[in-house]
Amino acid sequence: MRCARRAYHAVMIRFDPAVLASLRRDLMHRGRNLATLLTDVLAGKQPPELAALLAQRPGKRPEEVLRLALDQVEARRKLLDAGDDRYGRCDTCGVDLGAAELGEMPWADRCRAHAAT
């Protein structure tokens with residue numbers, strides 16, 4: 001319990017509560033959009049928004065790409081809700097991604113240097 005409380009406190013120090021609320025809202029919005037896209041793909045539709053996601057993961061089926069993106073959003077949301085200090089840090093090197101970067105992409109899990117890996 002003490003470690004979880006310390007981690008939550010660390011995230012709270014790094015981010016203002018209003019910023020945390022905004023990041024969570026944006027994560028939830030992204031998750032809803034991805035879930036809608038997945039529903040459309042499973043219904044046989046090819047939404048135009050899908051092209052950008054498919055370009056990031058060549059060779060994967062659309063539903064795989066969407067499920068991976070949903071998993072990423074869910075993992076980030078869980079870290080944020082738990083107050084885990086790993087939220088907002090690169091999974092590879094641990095560098096702080098910063099509020100500005102997360103404001104653009106709150107589901108980010110890698111810094112620019114490791115984004116392609």
# chains A, B, ... in the order shown; residues from 1 in each chain; ligands from 1
call {"tool": "select_by_dssp", "arguments": {"residues": "chain A", "states": "helix (DSSP H, G or I)", "output": "PyMOL selection string"}}
result
chain A and resi 2-14+17-42+50-56+62-82+99-104+112-114
call {"tool": "residues_around", "arguments": {"residues": "Cys93 of chain A", "least_positions_apart": "3", "cutoff": "10 Å", "atoms": "only C-alpha atoms", "output": "list of chain:residue names"}}
result
A:Arg89, A:Cys90, A:Asp96, A:Arg110, A:Cys111, A:Ala113, A:His114
call {"tool": "closest_residue", "arguments": {"among": "A:Leu54, A:Leu70, A:Val65, A:Ala108", "to": "Ala35 of chain A", "atoms": "only C-alpha atoms"}}
result
A:Leu70
call {"tool": "atom_distance", "arguments": {"atom1": "atom CA of Gly83 of chain A", "atom2": "atom CA of Leu68 of chain A"}}
result
22.7 Å
call {"tool": "atom_distance", "arguments": {"atom1": "atom CA of Asp81 of chain A", "atom2": "atom CA of Asp16 of chain A"}}
result
14.1 Å
call {"tool": "atom_distance", "arguments": {"atom1": "atom CA of Ala75 of chain A", "atom2": "atom CA of Arg30 of chain A"}}
result
12.7 Å
call {"tool": "residues_around", "arguments": {"residues": "Gln72 of chain A", "least_positions_apart": "6", "cutoff": "12 Å", "atoms": "only C-alpha atoms", "output": "JSON, numbers by chain"}}
result
{"A": [27, 28, 30, 31, 34, 65, 66, 78, 79, 87, 91, 105, 106, 107, 108, 109, 110]}
call {"tool": "closest_residue", "arguments": {"among": "A:Leu97, A:Glu74, A:Gly103, A:Leu38", "to": "Leu20 of chain A", "atoms": "only C-alpha atoms"}}
result
A:Gly103
call {"tool": "closest_residue", "arguments": {"among": "A:Gly44, A:Ala100, A:Leu80, A:Gly94", "to": "Arg24 of chain A", "atoms": "only C-alpha atoms"}}
result
A:Leu80
